[in-house]
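**Student:** Structure file run-v6.txt (compact mmCIF, C-alpha atoms) is given on the next line.
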```
# COMPACT_ATOMS: atom_id res chain seq x y z
CA TYR Z 1 131.38 260.04 141.95
CA TYR Z 2 131.96 257.99 138.81
CA SER Z 3 134.77 255.85 140.21
CA THR Z 4 132.83 254.92 143.35
CA PHE Z 5 129.68 254.13 141.38
CA MET Z 6 131.63 251.84 139.07
CA ASP Z 7 133.29 250.06 142.01
CA VAL Z 8 130.01 249.49 143.85
CA PHE Z 9 127.44 249.12 141.07
CA GLY Z 10 129.60 248.07 138.11
CA PRO Z 11 129.53 244.34 138.97
CA ALA Z 12 125.75 244.40 139.60
CA SER Z 13 123.66 241.94 137.61
CA GLY Z 14 120.78 244.40 137.33
CA LEU Z 15 118.06 246.22 139.23
CA ALA Z 16 116.29 244.44 142.10
CA PRO Z 17 113.05 246.42 142.49
CA GLY Z 18 111.52 244.26 145.21
CA ALA Z 19 114.68 243.90 147.28
CA ALA Z 20 114.26 247.18 149.18
CA SER Z 21 111.75 249.94 149.82
CA PHE Z 22 112.58 253.59 150.49
CA SER Z 23 110.85 256.64 151.96
CA CYS Z 24 111.57 260.23 152.94
CA VAL Z 25 109.69 262.92 154.82
CA SER Z 26 109.15 265.07 151.70
CA PRO Z 27 108.77 264.19 147.99
CA GLY Z 28 111.58 264.13 145.43
CA LEU Z 29 113.31 260.88 146.41
CA GLU Z 30 115.15 258.81 143.80
CA ALA Z 31 116.23 255.36 145.01
CA HIS Z 32 117.24 252.03 143.47
CA ALA Z 33 118.46 248.58 144.60
CA PHE Z 34 120.95 246.50 142.61
CA ARG Z 35 121.72 242.78 142.96
CA LEU Z 36 125.44 241.96 143.24
CA PRO Z 37 127.01 238.77 141.81
CA ASP Z 38 127.58 237.23 145.27
CA GLY Z 39 123.93 237.73 146.22
CA GLY Z 40 124.57 240.93 148.14
CA LEU Z 41 122.73 244.19 147.58
CA ALA Z 42 123.80 247.74 146.69
CA LEU Z 43 121.49 250.69 147.35
CA ALA Z 44 121.62 254.23 146.00
CA ALA Z 45 119.33 257.10 146.98
CA TRP Z 46 119.31 260.90 146.55
CA LYS Z 47 116.95 263.86 146.53
CA ALA Z 48 116.21 265.37 143.13
CA ASP Z 49 115.39 268.77 144.70
CA ASP Z 50 118.55 268.92 146.88
CA ALA Z 51 116.39 269.56 149.97
CA THR Z 52 117.76 268.20 153.23
CA ASP Z 53 115.73 265.21 154.33
CA THR Z 54 115.83 261.93 156.23
CA LEU Z 55 115.95 258.53 154.51
CA THR Z 56 114.38 255.29 155.72
CA ALA Z 57 114.97 252.02 153.87
CA TYR Z 58 113.69 248.50 154.48
CA VAL Z 59 115.36 245.30 153.22
CA PRO Z 60 113.15 242.25 153.95
CA ASP Z 61 115.73 239.53 153.18
CA PRO Z 62 117.07 238.16 156.53
CA SER Z 63 120.11 236.64 154.79
CA LEU Z 64 121.58 240.10 154.16
CA ALA Z 65 123.87 241.65 156.76
CA ASP Z 66 126.51 244.23 157.63
CA PRO Z 67 125.10 247.31 155.86
CA VAL Z 68 127.91 249.80 155.25
CA LEU Z 69 127.82 253.38 154.01
CA VAL Z 70 130.07 254.10 151.04
CA ASP Z 71 131.29 257.68 150.66
CA PRO Z 72 130.47 258.64 147.04
CA ALA Z 73 133.53 260.89 146.72
CA SER Z 74 136.27 258.72 148.26
CA GLY Z 75 134.76 255.22 148.30
CA ALA Z 76 135.57 254.92 152.01
CA GLU Z 77 133.29 252.62 153.99
CA SER Z 78 131.81 253.21 157.45
CA PRO Z 79 129.23 251.45 159.65
CA THR Z 80 125.64 252.49 159.00
CA PRO Z 81 123.89 254.14 161.98
CA GLY Z 82 120.26 253.49 162.82
CA VAL Z 83 120.20 249.79 161.86
CA SER Z 84 117.66 247.42 163.40
CA ARG Z 85 115.74 244.25 162.47
CA ASP Z 86 112.07 243.38 162.65
CA GLU Z 87 110.66 240.08 163.94
CA ALA Z 88 111.03 238.48 160.49
CA GLY Z 89 114.73 239.43 160.32
CA GLY Z 90 114.29 242.25 157.80
CA ILE Z 91 116.72 245.17 158.03
CA ILE Z 92 115.44 248.65 158.89
CA LEU Z 93 117.73 251.58 158.06
CA SER Z 94 116.36 254.77 159.59
CA GLY Z 95 117.34 258.37 160.18
CA LEU Z 96 119.93 258.64 157.39
CA PRO Z 97 120.57 262.25 156.29
CA ILE Z 98 120.03 262.68 152.55
CA GLY Z 99 120.19 265.45 149.96
CA LYS Z 100 121.40 265.75 146.39
CA THR Z 101 124.61 263.90 147.27
CA PRO Z 102 123.86 260.17 146.86
CA VAL Z 103 123.56 257.85 149.83
CA ILE Z 104 125.24 254.57 148.86
CA LEU Z 105 124.90 251.40 150.93
CA ARG Z 106 126.17 247.87 150.42
CA LEU Z 107 124.88 244.76 152.19
CA ASP Z 108 126.66 241.41 152.26
CA LYS Z 109 124.97 238.09 151.62
CA VAL Z 110 125.03 235.39 154.31
CA ALA Z 111 124.97 231.95 152.68
CA VAL Z 112 125.66 228.30 153.45
CA THR Z 113 126.98 226.54 150.35
CA SER Z 114 128.24 223.15 151.60
CA VAL Z 115 128.83 221.00 154.68
CA THR Z 116 131.65 218.47 155.18
CA PRO Z 117 130.85 215.81 156.27
CA ASN Z 118 127.20 216.02 155.28
CA GLN Z 119 125.78 212.87 156.89
CA ALA Z 120 125.92 210.89 160.13
CA TYR Z 121 124.39 207.74 161.55
CA GLN Z 122 121.54 207.99 163.99
CA HIS Z 123 122.61 207.69 167.66
CA SER Z 124 126.16 208.89 166.99
CA PHE Z 125 127.24 210.64 170.19
CA ALA Z 126 129.25 213.37 168.43
CA MET Z 127 130.55 214.28 165.00
CA THR Z 128 132.83 217.16 164.06
CA ILE Z 129 131.84 219.21 161.04
CA ASP Z 130 135.22 220.22 159.64
CA ASP Z 131 134.05 222.62 156.97
CA LEU Z 132 130.73 224.44 156.95
CA ALA Z 133 131.37 226.69 153.96
CA GLY Z 134 129.60 229.83 152.82
CA SER Z 135 129.84 233.60 153.25
CA GLY Z 136 129.01 236.36 155.70
CA PHE Z 137 129.64 234.34 158.90
CA GLN Z 138 130.19 236.47 162.00
CA PRO Z 139 132.00 235.66 165.29
CA GLY Z 140 129.47 234.28 167.74
CA ALA Z 141 127.30 232.66 165.04
CA GLN Z 142 125.04 229.73 165.96
CA VAL Z 143 124.69 226.55 163.91
CA ARG Z 144 121.55 224.42 163.92
CA LEU Z 145 120.10 221.47 162.03
CA GLU Z 146 116.34 221.76 161.50
CA MET Z 147 113.72 219.33 160.20
CA ASP Z 148 109.94 219.56 160.61
CA GLY Z 149 110.17 221.61 163.79
CA LYS Z 150 112.97 219.50 165.26
CA VAL Z 151 116.17 221.39 166.10
CA ILE Z 152 119.66 220.01 166.77
CA SER Z 153 121.98 222.71 168.09
CA ALA Z 154 125.69 222.43 167.38
CA TYR Z 155 128.27 223.17 170.07
CA GLY Z 156 131.91 224.16 170.02
CA VAL Z 157 131.12 226.50 167.14
CA ASN Z 158 134.25 228.17 165.77
CA VAL Z 159 133.96 230.85 163.09
CA VAL Z 160 137.30 230.29 161.37
CA SER Z 161 136.61 233.04 158.83
CA PRO Z 162 133.60 234.74 157.20
CA ALA Z 163 133.61 231.77 154.79
CA GLN Z 164 134.16 228.80 157.16
CA ILE Z 165 132.77 227.39 160.41
CA THR Z 166 133.71 224.26 162.35
CA CYS Z 167 131.47 222.74 165.03
CA THR Z 168 130.37 219.52 166.74
CA VAL Z 169 126.91 217.95 166.61
CA GLY Z 170 125.44 215.07 168.63
CA PHE Z 171 122.88 212.70 167.07
CA PHE Z 172 121.94 210.38 169.94
CA GLY Z 173 118.18 209.79 169.92
CA VAL Z 174 117.41 212.11 167.00
CA GLU Z 175 115.06 211.31 164.14
CA PRO Z 176 116.65 210.27 160.84
CA GLY Z 177 116.04 212.32 157.71
CA ALA Z 178 117.23 215.33 155.73
CA TYR Z 179 117.94 218.39 157.89
CA ASP Z 180 118.36 222.02 156.84
CA VAL Z 181 121.69 223.53 157.92
CA VAL Z 182 121.07 226.96 159.48
CA VAL Z 183 123.59 229.62 160.50
CA ILE Z 184 122.35 232.51 162.65
CA ASN Z 185 124.62 235.53 163.10
CA PRO Z 186 124.59 237.70 166.25
CA ASP Z 187 123.06 240.59 164.27
CA GLY Z 188 120.04 238.43 163.39
CA SER Z 189 121.00 237.65 159.79
CA ARG Z 190 120.66 233.99 158.86
CA ALA Z 191 121.26 231.55 156.03
CA LYS Z 192 119.94 228.07 155.30
CA LEU Z 193 121.11 225.17 153.14
CA GLU Z 194 117.98 223.11 152.57
CA ASP Z 195 118.39 219.35 153.12
CA GLY Z 196 122.11 219.99 153.60
CA PHE Z 197 122.68 217.25 156.19
CA ARG Z 198 121.30 213.71 156.36
CA VAL Z 199 120.93 211.57 159.48
CA ILE Z 200 120.95 207.91 158.42
CA SER Z 201 118.71 205.43 160.23
CA LEU Z 202 120.31 202.34 161.72
CA CYS Z 203 117.13 200.35 162.32
CA GLY Z 204 114.30 202.25 160.64
CA ALA Z 205 112.97 205.75 161.08
CA ARG Z 206 111.37 205.18 164.49
CA SER Z 207 112.53 201.85 165.83
CA GLY Z 208 116.21 202.70 166.35
CA THR Z 209 115.74 204.50 169.65
CA ALA Z 210 113.44 201.77 170.99
CA LEU Z 211 115.85 198.99 170.00
CA LEU Z 212 118.78 200.76 171.59
CA ALA Z 213 116.82 201.40 174.77
CA THR Z 214 115.75 197.74 174.85
CA GLY Z 215 119.36 196.63 174.40
CA LEU Z 216 120.50 198.85 177.24
CA MET Z 217 117.72 197.57 179.46
CA LEU Z 218 118.58 193.92 178.70
CA GLY Z 219 122.20 194.71 179.48
CA LEU Z 220 121.23 196.19 182.86
CA VAL Z 221 119.00 193.21 183.65
CA SER Z 222 121.80 190.81 182.77
CA ALA Z 223 124.29 192.74 184.91
CA ALA Z 224 121.86 192.78 187.84
CA GLY Z 225 121.31 188.99 187.53
CA THR Z 226 125.04 188.30 187.49
CA LEU Z 227 125.54 190.43 190.60
CA ARG Z 228 122.79 188.58 192.50
CA LEU Z 229 124.29 185.20 191.51
CA ARG Z 230 127.70 186.25 192.83
CA ARG Z 231 126.21 187.41 196.13
CA SER Z 232 124.29 184.12 196.47
CA ARG Z 233 127.47 182.08 195.94
CA ARG Z 234 129.36 184.11 198.50
CA LYS Z 235 126.70 183.48 201.13
CA ARG Z 236 126.80 179.72 200.50
CA SER Z 237 130.56 179.65 200.81
```
Mind converting the file's structure to structure tokens?
**Tutor:**
Amino acid sequence: YYSTFMDVFGPASGLAPGAASFSCVSPGLEAHAFRLPDGGLALAAWKADDATDTLTAYVPDPSLADPVLVDPASGAESPTPGVSRDEAGGIILSGLPIGKTPVILRLDKVAVTSVTPNQAYQHSFAMTIDDLAGSGFQPGAQVRLEMDGKVISAYGVNVVSPAQITCTVGFFGVEPGAYDVVVINPDGSRAKLEDGFRVISLCGARSGTALLATGLMLGLVSAAGTLRLRRSRRKRS
């Protein structure tokens, strides 16, 4: 198993004791979590007594995704059965057969690293984000901007690759400020770039919407007055 262990765990930056918890039906379990350079996680577990058992593991970090089983002999990867998520987004791996042969799992990190462009003026009807960069993006992912409970959902989301997303966002009537950029994958994994996008105020944090609405209203009043004047002139003629 040496070659597989070196491929999976060789790049690890060290043990990550709090990154995962493990349990079996009977005693004798040995299990460890290792942090990978890209933020992902590698797990290894085996039974010291070689008794057949069932492994359950819990990974609380919702930004981890796509757990795969790595065959210790060949290094071949396969989807992990028995995967679910709790309400907080943590990953539950249950019902995995285990004995003296190690169970090896690898989980990818979902991350948002940058957004281009990263700002827009308040009341812009639409802006295309050409390059939302990161890792672990899945087809069908959602993109949102969040600030103090306010949510702006992007549309036309296109997952170009696991490292790039393009989308369109509308800013008409939204509050100015620094928004977190959030990507939510279909499997429930998510990543956030804090204060990654800024909406710039045109006329102050709260007066912009009111001023625009007033301008529109004045425009409607003016148009209505012009129409009445034209009708009055026609009647006189």
**Student:** Counting all atoms listed in the file, figure out which residue out of Z:Ser153, Z:Ser13, Z:Thr168, Z:Gln119 gets nearest to Ser201 (chain Z).
**Tutor:**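 Looking only at the distances to Ser201 (chain Z), the closest residue turns out to be Z:Gln119.
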**Student:** Nearest residue to Ile98 (chain Z) out of Z:Gly177, Z:Pro60, Z:Gly28, Z:Gly149, using all atoms listed in the file?
**Tutor:**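 Residue with the minimum atom-to-atom distance to Ile98 (chain Z): Z:Gly28.
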**Student:** Let me make sure I understand: among Z:Phe5, Z:Trp46, Z:Phe22, Z:Phe137, which one has the smallest atom-to-atom distance to Asn158 (chain Z) if we use all atoms listed in the file?
**Tutor:**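 Looking only at the distances to Asn158 (chain Z), the closest residue turns out to be Z:Phe137.
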**Student:** Closest to Ile129 (chain Z) among Z:Lys150, Z:His32, Z:Arg85, Z:Arg144, using all atoms listed in the file?
**Tutor:**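 Of Z:Lys150, Z:His32, Z:Arg85, Z:Arg144, the one nearest Ile129 (chain Z), counting all atoms listed in the file, is Z:Arg144.
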**Student:** With distances taken over all atoms listed in the file, which of Z:Lys109, Z:Ser78, Z:Asp50, Z:Leu69 is nearest to Arg35 (chain Z)?
**Tutor:** Z:Lys109
**Student:** Just how far from CA of Ala42 (chain Z) is CA of Arg106 (chain Z), in Å to one decimal?
**Tutor:**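 Value for the CA of Arg106 (chain Z)-CA of Ala42 (chain Z) distance: 4.4 Å.
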**Student:** Which residue, Z:Pro72, Z:Pro117, Z:Gly40, Z:Pro67, has the smallest gap to Gly196 (chain Z) when you use all atoms listed in the file?
**Tutor:**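 Using all atoms listed in the file, the shortest distance to Gly196 (chain Z) belongs to Z:Pro117.
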**Student:** Quick check, in Å to one decimal: how far apart do CA of Ala111 (chain Z) and CA of Asp61 (chain Z) lie?
**Tutor:**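 Answer for the CA of Ala111 (chain Z) to CA of Asp61 (chain Z) separation: 12.0 Å.
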**Student:** Any chance you could work out the axis-aligned box around region 86-94 of chain Z, listed atoms only, 3 Å on each side, giving centre and edge lengths in Å to one decimal, as AutoDock Vina command-line options?
**Tutor:**
```
--center_x 114.2 --center_y 246.6 --center_z 160.9 --size_x 13.1 --size_y 22.3 --size_z 12.1
```
**Student:** Around (131.3, 248.8, 152.1) in the file's frame, which residues reach within 10 Å when counting all atoms listed in the file? Return as a PyMOL selection string?
**Tutor:** chain Z and resi 8+42+66-71+75-80+104-108
**Student:** So which residues touch Gly90 (chain Z) within 12 Å, counting only C-alpha atoms, skipping near sequence neighbours fewer than 6 positions away, as a list of chain:residue names?
**Tutor:** Z:Ala19, Z:Ala20, Z:Ser21, Z:Ala57, Z:Tyr58, Z:Val59, Z:Pro60, Z:Asp61, Z:Pro62, Z:Ser63, Z:Leu64, Z:Ala65, Z:Val83, Z:Ser84, Z:Asp187, Z:Gly188, Z:Ser189, Z:Arg190
**Student:** Which distance in Å separates CA of Ala191 (chain Z) and CA of Val103 (chain Z), to one decimal?
**Tutor:**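 For CA of Ala191 (chain Z) relative to CA of Val103 (chain Z), the distance reads 27.1 Å.
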**Student:** Find the spatial neighbours of Glu194 (chain Z), counting only C-alpha atoms, within a cut-off of 9 Å - ignore same-chain residues fewer than 5 positions away - and output them as a tab-separated table (two decimals) with C-alpha atoms, in the coordinates of the input.
**Tutor:**
```
chain	number	residue	atom	x	y	z
Z	178	ALA	CA	117.23	215.33	155.73
Z	179	TYR	CA	117.94	218.39	157.89
Z	180	ASP	CA	118.36	222.02	156.84
Z	181	VAL	CA	121.69	223.53	157.92
Z	182	VAL	CA	121.07	226.96	159.48
```
**Student:** For region 56-139 of chain Z against region 163-167 of chain Z, with a cut-off of 6 Å and counting all atoms listed in the file, what is the closest atom pair and its distance in Å to one decimal for every residue that makes the cut, ordered by chain and number, as a tab-separated table?
**Tutor:**
```
residue	atom	partner	partner_atom	distance
Z:Thr128	CA	Z:Cys167	CA	5.8
Z:Ile129	CA	Z:Cys167	CA	5.3
Z:Asp130	CA	Z:Thr166	CA	5.1
Z:Asp131	CA	Z:Thr166	CA	5.6
Z:Leu132	CA	Z:Ile165	CA	5.0
Z:Ala133	CA	Z:Gln164	CA	4.7
Z:Gly134	CA	Z:Ala163	CA	4.9
Z:Ser135	CA	Z:Ala163	CA	4.5
```
**Student:** Env of region 183-186 of chain Z: 7 Å cut, atoms = all atoms listed in the file, seq-sep filter 6 positions within chain, self excluded. Answer as a VMD selection string.
**Tutor:** chain Z and resid 137 to 138 140 to 144 192
**Student:** Quick one: write out the picked residues with C-alpha atoms as an mmCIF file, in the coordinates of the input?
**Tutor:**
```
data_model
loop_
_atom_site.group_PDB
_atom_site.id
_atom_site.type_symbol
_atom_site.label_atom_id
_atom_site.label_comp_id
_atom_site.auth_asym_id
_atom_site.auth_seq_id
_atom_site.Cartn_x
_atom_site.Cartn_y
_atom_site.Cartn_z
ATOM 1 C CA PHE Z 137 129.640 234.340 158.900
ATOM 2 C CA GLN Z 138 130.190 236.470 162.000
ATOM 3 C CA GLY Z 140 129.470 234.280 167.740
ATOM 4 C CA ALA Z 141 127.300 232.660 165.040
ATOM 5 C CA GLN Z 142 125.040 229.730 165.960
ATOM 6 C CA VAL Z 143 124.690 226.550 163.910
ATOM 7 C CA ARG Z 144 121.550 224.420 163.920
ATOM 8 C CA LYS Z 192 119.940 228.070 155.300
#
```
